Each structure stands twice: as structure tokens, then as C-alpha cells.
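Heads up: the structure comes next, in C-alpha cells.
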Amino acid sequence: MSETAACGHGGAPPEETAVPQPTRPGVLGSPARGRVWGLTVCTLVLAVPAALLFVRLTGMDDGTQLAVPMVLFPHSAALALLVLGATTAVRPLRSRAVAAVASALVVAQVCLVAPRFFPDSAAPVPPSAARLRVATVNTDEGAVDPLAVVGMVRAGRIDVLAVEQTPAMGLDALDRAGLGDLLPYHALRPEYDSSIYSRYPLSRPDTADIDTVWPQTTARIEVGGRTVRLVAVHTYYPLGSAGRWARDMSALASLAREEGPDTVFLGDFNATLDHAPMRSLLAAGLTDTHAELGQGWAPTWPVGAGMAPPLVQLDHVLHGPGLAGVRVGERSLAGTDHRAVVAELAVLPAGDASPES
């Protein structure tokens with residue numbers, strides 16, 4: 001058979017005609033749509049740290065329900081970092097504008113939070129300065145293991161212990177566990193009020209004459225020839241009533257301005273260093289011992305919730321300029337949802353402290 005015949009009637013071979021394939025919806029243009037969706041998600045994620053930063057800068061959490069999410073302000077930097085990483089490392093999500101916003105948020109948050117991770121550059125504490133070891137724990141309605149409390153006091157050679165949210169049965173349990181043998185002097189206010197135990201004799205045990213939901217127990221002790229005023233703190237909580245909580249914090253600030261430099265406020269403030277009322281309290285003449293010593297990450301609540309670590313620091317030891325922090329730490333005690341805070345303070349010589357008011 002000839003080549004011509006093989007090709008059919010001696011003609012040229014027919015050209016193949018390309019048959020157009022139907023376009024499936026959602027395929028053409030999907031990379032562009034994916035980029036839009038991805039950047040939209042990134043923008044929504046950035047809205048969280050941006051909103052918290054705005055509240056932090058304006059103090060809008062003072063007396064409002066914005067105080068509740070403000071406890072997560074330091075954590076929100078992780079969201080900005082996540083978006084920054086995604087918009088610089090993932091090619092389809094690269095966006096200079098979104099990356100710039102994320103970078104600005106990270107820088108702003110670092111500038112606000114970083115100072116509490118660097119110790120204050122104050123003069124060294126004189127070795128001869130008298131020391132005062134204090135501790136505070138919210139006992140969660142007396143659920144704390146009393147033997148654990150006594151063990152902490154004994155091991156830390158605690159001089160002053162403040163307990164909060166401790167009903168009468170909880171105080172009785174602490175007494176049976178032997179707390180009174182270690183700290184024989186006390187000013188007790190059962191239920192949600194605060195109580196003070198002391199190794200030193202207490203003078204003028206009372207409750208502060210300020211407008212707070214629960215009375216704030218006060219007393220005075222003599223340390224190194226100086227009178228140190230103690231205030232065991234337990235404020236209301238923002239989730240219950242942000243306005244009531246803010247009024248409690250404002251009342252504490254008024255008290256701090258009256259009490260003078262040789263003052264220790266310790267307890268459950270239901271506030272972090274990022275809350276506007278807490279910053280106002282510090283501005284009244286108090287120093288947070290954790291921040292003073294560069295230990296700005298010290299979450300104390302909640303504990304005992306499965307494997308989850310505590311997230312926020314609600315419990316603090318604050319002191320006036322007549323004292324200085326030497327060391328501070330936290331202790332986990334069985335039974336309570338708060339970690340205890342233990343601090344050693346030095347009573348500064350008169351020449352290094354402000355005159356008493």
C-alpha cells in the first residue's frame with residue numbers, strides 16, 4: 001500500500017482540532033482569592049492586639065468591662081508576631097502594609113512591657129538594712145492546704161503573712177496546722193476580707209477607713225527601729241463589677257498617698273500592671289516588687305486548672321519608697337487557684353528613704 005493510500009484518498013492528514021475544556025468554577029483566580037482571604041484573616045487577628053493597645057494607652061479599662069480582656073495584653077504580642085511572620089515568610093501573604101502594622105504593634109507592646117523585665121537602677125541595698133519577709137495568698141475560700149501554708153511560712157522564715165478570701169473555718173484550719181506557733185500575732189477578718197499574721201507584735205490592727213467592698217485589714221509593726229504600715233488587700237473583681245473594682249482600686253490609691261513611705265500593700269488586687277487603676281495605685285507612691293527586680297513575668301492565677309499554666313498576675317507585693325525589694329518569688333500551694341507571692345524587703349536607712357508623712 002502506498003503512502004498516499006495510507007493517508008486516505010491521497011489527501012493530506014486532517015489537522016487535530018483542540019476542544020476547549022469547560023472551566024471549573026473556583027479554579028481560575030483562586031490564588032488571588034486565597035491571598036485576599038489570608039490577608040483578611042491577618043487583619044482580623046491584628047485587630048485584637050491593636051484594640052488592647054488602644055485601651056492600654058487610653059486607660060479605657062478603668063471602670064469598664066474592657067478591664068477583663070486587658071489581662072491578656074502581654075499575650076497579644078504573640079498574635080502580632082504571628083502575623084508578622086506570616087506576611088514576611090509566606091509568599092502568597094506577603095504584604096508590606098500588613099507587615100508594617102504588625103511590626104508597629106510589636107514595637108509598641110515591647111516598649112510598654114519590657115521595662116518590667118529590667119531591674120530598677122537604684123542604689124544597692126545596704127547590708128545593714130533590716131529585712132522583712134512577707135507573703136500573701138488567696139486561700140480560695142479556705143480550700144488551701146493549711147499544712148502547705150505553714151510549710152511555706154516555716155521554710156521562708158516569713159515575718160508577715162496576708163491571707164485573702166478565708167472564712168472562719170479556713171482560719172481555724174490554719175490555727176490547727178500550727179500557723180499561730182510561727183506567727184503568733186494576728187488581725188483576723190474572716191470570709192472575703194483580708195487577714196494578717198505576724199511574727200512581730202501588731203499595733204493598731206484595724207480595717208482601713210476607705211470605700212471598698214470588703215474591708216482591707218491594716219496593722220503596724222516595728223522593724224529595725226521603724227514603723228512599717230501593713231495593708232492586706234483584697235479588691236472586688238472586674239468580671240463581677242468593673243465599676244466597683246475601679247472604686248476599690250481608687251480607694252487604695254488614696255490610702256497609699258496617706259500612709260507614707262514605710263508601707264507594704266500585699267494581697268489579691270484582681271489587677272495586672274497593665275490595668276489603668278493599678279498604674280494609678282503605683283503612681284500614688286508604691287512600687288511593684290516583681291517589676292522592681294526585673295521579674296515582670298510572674299502569673300499567679302489561675303492554677304489547678306488541669307495542665308494549663310497560670311496566665312495573669314493578680315497577686316502583688318507593693319511597697320513605698322522607704323523599702324526596697326531584695327527578692328521575690330511565687331509558690332504553688334495545694335487547694336487554691338492562686339499562687340502565693342513571697343518577697344523579702346529591706347527597710348532602707350533614713351537617709352536613703354523619703355521622710356515619713
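A note on labels: chains of the C-alpha cells are A, B, ... as shown, every chain counts residues from 1, and ligands are counted from 1 in their shown order.
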
**Study point:** Distance query A:Pro201 at most 12 Å, only C-alpha atoms, self and fewer than 4 positions along chain excluded, as a ChimeraX atom specification
**Key:** /A:159-160,183-187,196-197,205,219-223,227-228

Review point. Could you pull the residues within 8 Å of stretch 44-52 of chain A, counting only C-alpha atoms, minus those fewer than 2 positions along the same chain, as an NGL selection string?
Key: :A and (40-42 or 54-56 or 69-70 or 73 or 76-77 or 79-80 or 83 or 102 or 105)

Keeping only all heavy atoms, write the selected residues as a short mmCIF file (atom, residue, chain, number, x, y, z; two decimals), in the first residue's frame.
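Writing done, so here's selection04.cif:
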data_model
loop_
_atom_site.label_atom_id
_atom_site.label_comp_id
_atom_site.auth_asym_id
_atom_site.auth_seq_id
_atom_site.Cartn_x
_atom_site.Cartn_y
_atom_site.Cartn_z
N THR A 40 -7.15 39.05 54.90
CA THR A 40 -8.30 39.44 55.72
C THR A 40 -8.21 38.82 57.10
O THR A 40 -8.44 39.48 58.12
CB THR A 40 -9.61 39.01 55.04
OG1 THR A 40 -9.72 39.65 53.77
CG2 THR A 40 -10.81 39.38 55.90
N VAL A 41 -7.84 37.54 57.14
CA VAL A 41 -7.68 36.86 58.44
C VAL A 41 -6.56 37.52 59.24
O VAL A 41 -6.70 37.77 60.45
CB VAL A 41 -7.39 35.36 58.23
CG1 VAL A 41 -6.99 34.70 59.55
CG2 VAL A 41 -8.61 34.66 57.64
N CYS A 42 -5.45 37.84 58.57
CA CYS A 42 -4.34 38.51 59.27
C CYS A 42 -4.78 39.84 59.86
O CYS A 42 -4.42 40.20 60.98
CB CYS A 42 -3.18 38.72 58.30
SG CYS A 42 -2.28 37.21 57.87
N PHE A 54 -4.81 50.12 72.20
CA PHE A 54 -5.57 51.37 72.30
C PHE A 54 -6.13 51.54 73.71
O PHE A 54 -6.04 52.63 74.30
CB PHE A 54 -6.70 51.37 71.27
CG PHE A 54 -7.54 52.61 71.30
CD1 PHE A 54 -7.10 53.79 70.74
CD2 PHE A 54 -8.79 52.60 71.92
CE1 PHE A 54 -7.88 54.95 70.77
CE2 PHE A 54 -9.58 53.74 71.96
CZ PHE A 54 -9.12 54.91 71.39
N VAL A 55 -6.68 50.47 74.25
CA VAL A 55 -7.23 50.53 75.61
C VAL A 55 -6.11 50.80 76.61
O VAL A 55 -6.26 51.59 77.55
CB VAL A 55 -7.97 49.23 75.94
CG1 VAL A 55 -8.42 49.21 77.41
CG2 VAL A 55 -9.19 49.07 75.04
N ARG A 56 -4.98 50.15 76.42
CA ARG A 56 -3.84 50.33 77.33
C ARG A 56 -3.35 51.78 77.33
O ARG A 56 -3.04 52.35 78.38
CB ARG A 56 -2.71 49.39 76.91
CG ARG A 56 -1.39 49.56 77.64
CD ARG A 56 -1.51 49.17 79.10
NE ARG A 56 -0.20 49.08 79.72
CZ ARG A 56 0.55 50.11 80.09
NH1 ARG A 56 0.12 51.34 79.90
NH2 ARG A 56 1.74 49.91 80.66
N PRO A 69 -10.62 41.76 79.26
CA PRO A 69 -9.65 41.33 78.26
C PRO A 69 -8.26 41.95 78.44
O PRO A 69 -7.28 41.41 77.92
CB PRO A 69 -10.28 41.76 76.93
CG PRO A 69 -11.22 42.86 77.28
CD PRO A 69 -11.74 42.51 78.64
N MET A 70 -8.16 43.06 79.18
CA MET A 70 -6.85 43.69 79.33
C MET A 70 -5.84 42.81 80.06
O MET A 70 -4.63 43.02 79.96
CB MET A 70 -6.98 45.02 80.08
CG MET A 70 -7.18 46.22 79.18
SD MET A 70 -5.95 46.36 77.87
CE MET A 70 -4.48 46.67 78.83
N PHE A 73 -3.17 41.49 77.73
CA PHE A 73 -2.39 42.42 76.90
C PHE A 73 -0.99 41.89 76.58
O PHE A 73 -0.59 41.91 75.41
CB PHE A 73 -2.31 43.78 77.57
CG PHE A 73 -1.44 44.76 76.83
CD1 PHE A 73 -1.88 45.35 75.65
CD2 PHE A 73 -0.17 45.08 77.29
CE1 PHE A 73 -1.07 46.24 74.95
CE2 PHE A 73 0.64 45.97 76.61
CZ PHE A 73 0.19 46.55 75.43
N SER A 76 -1.02 39.28 73.83
CA SER A 76 -1.46 39.66 72.49
C SER A 76 -0.30 39.98 71.56
O SER A 76 -0.46 39.98 70.34
CB SER A 76 -2.42 40.85 72.56
OG SER A 76 -1.74 42.03 72.99
N ALA A 77 0.88 40.23 72.11
CA ALA A 77 2.05 40.46 71.26
C ALA A 77 2.35 39.24 70.41
O ALA A 77 2.87 39.36 69.29
CB ALA A 77 3.26 40.82 72.12
N LEU A 79 0.21 37.39 68.91
CA LEU A 79 -0.62 37.45 67.71
C LEU A 79 0.01 38.36 66.66
O LEU A 79 0.03 38.03 65.47
CB LEU A 79 -2.02 37.95 68.07
CG LEU A 79 -2.84 37.06 69.01
CD1 LEU A 79 -4.18 37.72 69.33
CD2 LEU A 79 -3.06 35.69 68.39
N ALA A 80 0.53 39.50 67.10
CA ALA A 80 1.18 40.41 66.15
C ALA A 80 2.43 39.76 65.56
O ALA A 80 2.71 39.90 64.36
CB ALA A 80 1.53 41.72 66.84
N VAL A 83 1.36 37.21 62.86
CA VAL A 83 1.01 37.85 61.60
C VAL A 83 2.25 38.38 60.90
O VAL A 83 2.40 38.27 59.68
CB VAL A 83 -0.02 38.97 61.83
CG1 VAL A 83 -0.24 39.79 60.56
CG2 VAL A 83 -1.33 38.39 62.32
N ALA A 102 1.85 45.12 61.79
CA ALA A 102 2.22 44.11 62.79
C ALA A 102 3.50 44.51 63.50
O ALA A 102 3.63 44.37 64.73
CB ALA A 102 2.37 42.75 62.12
N LEU A 105 2.86 47.26 66.03
CA LEU A 105 2.19 46.75 67.23
C LEU A 105 3.18 46.02 68.14
O LEU A 105 3.15 46.19 69.36
CB LEU A 105 1.05 45.80 66.84
CG LEU A 105 -0.18 46.46 66.23
CD1 LEU A 105 -1.15 45.41 65.72
CD2 LEU A 105 -0.88 47.35 67.27
#

Check your understanding: as an MDAnalysis selection string, which residues of stretch 45-246 of chain A does DSSP assign to strand (DSSP E or B)?
Key -> chainID A and resid 130:138 160:166 185:187 191:198 203:207 217:223 226:234

Practice item. Using only C-alpha atoms, determine which residues lie at most 12 Å from A:Met278, disregarding the query and same-chain residues fewer than 3 positions distant; provide the list as a ChimeraX atom specification. Key: /A:56,59,61-63,67,70-71,235,245-253,268-275,281-288,313-316,318

Written file, previous selection with N, CA, C and O atoms, as a compact mmCIF listing (two decimals), in the first residue's frame:
# COMPACT_ATOMS: atom_id res chain seq x y z
N ARG A 56 -4.98 50.15 76.42
CA ARG A 56 -3.84 50.33 77.33
C ARG A 56 -3.35 51.78 77.33
O ARG A 56 -3.04 52.35 78.38
N GLY A 59 -6.40 54.10 78.78
CA GLY A 59 -6.94 53.82 80.10
C GLY A 59 -8.43 53.57 80.11
O GLY A 59 -9.08 53.73 81.16
N ASP A 61 -9.99 50.97 80.26
CA ASP A 61 -10.39 49.83 81.09
C ASP A 61 -10.78 50.25 82.50
O ASP A 61 -11.32 49.45 83.26
N ASP A 62 -10.51 51.49 82.86
CA ASP A 62 -10.79 51.98 84.21
C ASP A 62 -12.29 52.07 84.44
O ASP A 62 -12.95 53.00 83.97
N GLY A 63 -12.83 51.08 85.13
CA GLY A 63 -14.24 51.08 85.45
C GLY A 63 -15.14 50.52 84.37
O GLY A 63 -16.35 50.66 84.46
N ALA A 67 -11.68 45.98 81.21
CA ALA A 67 -10.67 45.52 82.16
C ALA A 67 -10.48 44.01 82.08
O ALA A 67 -9.40 43.50 82.38
N MET A 70 -8.16 43.06 79.18
CA MET A 70 -6.85 43.69 79.33
C MET A 70 -5.84 42.81 80.06
O MET A 70 -4.63 43.02 79.96
N VAL A 71 -6.31 41.80 80.78
CA VAL A 71 -5.36 40.91 81.47
C VAL A 71 -4.49 40.16 80.46
O VAL A 71 -3.41 39.68 80.80
N THR A 235 -9.43 43.21 96.68
CA THR A 235 -10.38 44.07 95.99
C THR A 235 -11.49 43.25 95.35
O THR A 235 -11.39 42.02 95.21
N TRP A 245 -14.87 47.50 91.16
CA TRP A 245 -13.44 47.19 91.23
C TRP A 245 -12.59 48.46 91.10
O TRP A 245 -11.63 48.66 91.86
N ALA A 246 -12.95 49.31 90.15
CA ALA A 246 -12.19 50.55 89.95
C ALA A 246 -12.28 51.45 91.17
O ALA A 246 -11.31 52.11 91.54
N ARG A 247 -13.45 51.49 91.82
CA ARG A 247 -13.59 52.32 93.02
C ARG A 247 -12.74 51.75 94.16
O ARG A 247 -12.16 52.51 94.94
N ASP A 248 -12.67 50.42 94.25
CA ASP A 248 -11.80 49.81 95.26
C ASP A 248 -10.34 50.23 95.03
O ASP A 248 -9.63 50.59 95.96
N MET A 249 -9.90 50.15 93.77
CA MET A 249 -8.51 50.49 93.46
C MET A 249 -8.24 51.97 93.72
O MET A 249 -7.17 52.34 94.21
N SER A 250 -9.20 52.82 93.39
CA SER A 250 -9.04 54.25 93.64
C SER A 250 -8.94 54.53 95.14
O SER A 250 -8.15 55.38 95.58
N ALA A 251 -9.74 53.80 95.94
CA ALA A 251 -9.68 53.98 97.39
C ALA A 251 -8.31 53.56 97.93
O ALA A 251 -7.76 54.21 98.83
N LEU A 252 -7.74 52.49 97.37
CA LEU A 252 -6.41 52.06 97.79
C LEU A 252 -5.36 53.12 97.44
O LEU A 252 -4.41 53.36 98.21
N ALA A 253 -5.51 53.75 96.29
CA ALA A 253 -4.57 54.81 95.90
C ALA A 253 -4.64 55.97 96.88
O ALA A 253 -3.60 56.54 97.26
N ASP A 268 -4.40 40.20 97.00
CA ASP A 268 -5.04 39.91 95.72
C ASP A 268 -5.72 41.19 95.23
O ASP A 268 -6.78 41.56 95.70
N PHE A 269 -5.07 41.85 94.26
CA PHE A 269 -5.57 43.12 93.75
C PHE A 269 -6.54 42.93 92.58
O PHE A 269 -7.12 43.90 92.10
N ASN A 270 -6.68 41.70 92.10
CA ASN A 270 -7.50 41.44 90.91
C ASN A 270 -7.13 42.39 89.77
O ASN A 270 -8.00 42.85 89.01
N ALA A 271 -5.86 42.71 89.66
CA ALA A 271 -5.39 43.66 88.65
C ALA A 271 -3.97 43.30 88.24
O ALA A 271 -3.19 42.79 89.04
N THR A 272 -3.65 43.57 86.99
CA THR A 272 -2.30 43.40 86.48
C THR A 272 -1.65 44.77 86.32
O THR A 272 -2.30 45.81 86.47
N LEU A 273 -0.37 44.77 85.97
CA LEU A 273 0.34 46.02 85.78
C LEU A 273 -0.13 46.78 84.55
O LEU A 273 0.25 47.94 84.35
N ASP A 274 -0.93 46.15 83.71
CA ASP A 274 -1.44 46.81 82.51
C ASP A 274 -2.80 47.47 82.73
O ASP A 274 -3.31 48.14 81.83
N HIS A 275 -3.39 47.30 83.89
CA HIS A 275 -4.66 47.94 84.19
C HIS A 275 -4.42 49.39 84.62
O HIS A 275 -3.52 49.67 85.43
N LEU A 281 -2.50 53.35 91.17
CA LEU A 281 -2.10 52.97 92.53
C LEU A 281 -0.58 53.06 92.68
O LEU A 281 -0.07 53.58 93.68
N LEU A 282 0.15 52.60 91.68
CA LEU A 282 1.61 52.70 91.74
C LEU A 282 2.06 54.16 91.71
O LEU A 282 3.02 54.54 92.39
N ALA A 283 1.36 54.98 90.94
CA ALA A 283 1.70 56.40 90.87
C ALA A 283 1.46 57.12 92.19
O ALA A 283 1.99 58.21 92.41
N ALA A 284 0.68 56.50 93.08
CA ALA A 284 0.43 57.10 94.39
C ALA A 284 1.60 56.91 95.34
O ALA A 284 1.53 57.33 96.50
N GLY A 285 2.69 56.28 94.86
CA GLY A 285 3.89 56.17 95.69
C GLY A 285 4.31 54.76 96.01
O GLY A 285 5.12 54.55 96.92
N LEU A 286 3.80 53.77 95.28
CA LEU A 286 4.13 52.38 95.54
C LEU A 286 4.94 51.78 94.40
O LEU A 286 4.89 52.26 93.26
N THR A 287 5.66 50.73 94.69
CA THR A 287 6.48 50.01 93.71
C THR A 287 6.10 48.54 93.72
O THR A 287 5.96 47.94 94.80
N ASP A 288 5.92 47.97 92.54
CA ASP A 288 5.66 46.53 92.44
C ASP A 288 6.99 45.80 92.56
O ASP A 288 7.92 46.05 91.78
N GLN A 313 -1.02 37.84 86.46
CA GLN A 313 -0.59 38.13 87.83
C GLN A 313 -1.60 39.07 88.47
O GLN A 313 -1.67 40.25 88.16
N LEU A 314 -2.37 38.51 89.40
CA LEU A 314 -3.34 39.28 90.15
C LEU A 314 -2.86 39.58 91.56
O LEU A 314 -3.39 40.47 92.23
N ASP A 315 -1.86 38.84 92.02
CA ASP A 315 -1.37 38.94 93.40
C ASP A 315 -0.03 39.66 93.40
O ASP A 315 0.87 39.33 92.63
N HIS A 316 0.10 40.65 94.28
CA HIS A 316 1.28 41.52 94.26
C HIS A 316 1.74 41.85 95.67
O HIS A 316 0.96 41.81 96.63
N LEU A 318 3.43 45.27 96.98
CA LEU A 318 3.80 46.66 96.66
C LEU A 318 4.37 47.30 97.92
O LEU A 318 3.95 47.00 99.03

Point to revise | Backbone DSSP call of helix (DSSP H, G or I) for stretch 59-229 of chain A, listed as an MDAnalysis selection string | key: chainID A and resid 65:67 69:72 74:89 91:93 96:117 146:156 168:176 179:182

Check your understanding: Of the residues A:Leu72, A:Val347, A:Ala129, A:Leu39, which is the one nearest to A:Ala97, using only C-alpha atoms?
Key ->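 The closest residue to A:Ala97 is A:Leu39.
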
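With only C-alpha atoms as the atoms that count, the residue of A:Val213, A:Leu174, A:Val106, A:Leu161 with the shortest distance to A:Pro146 is A:Leu174.
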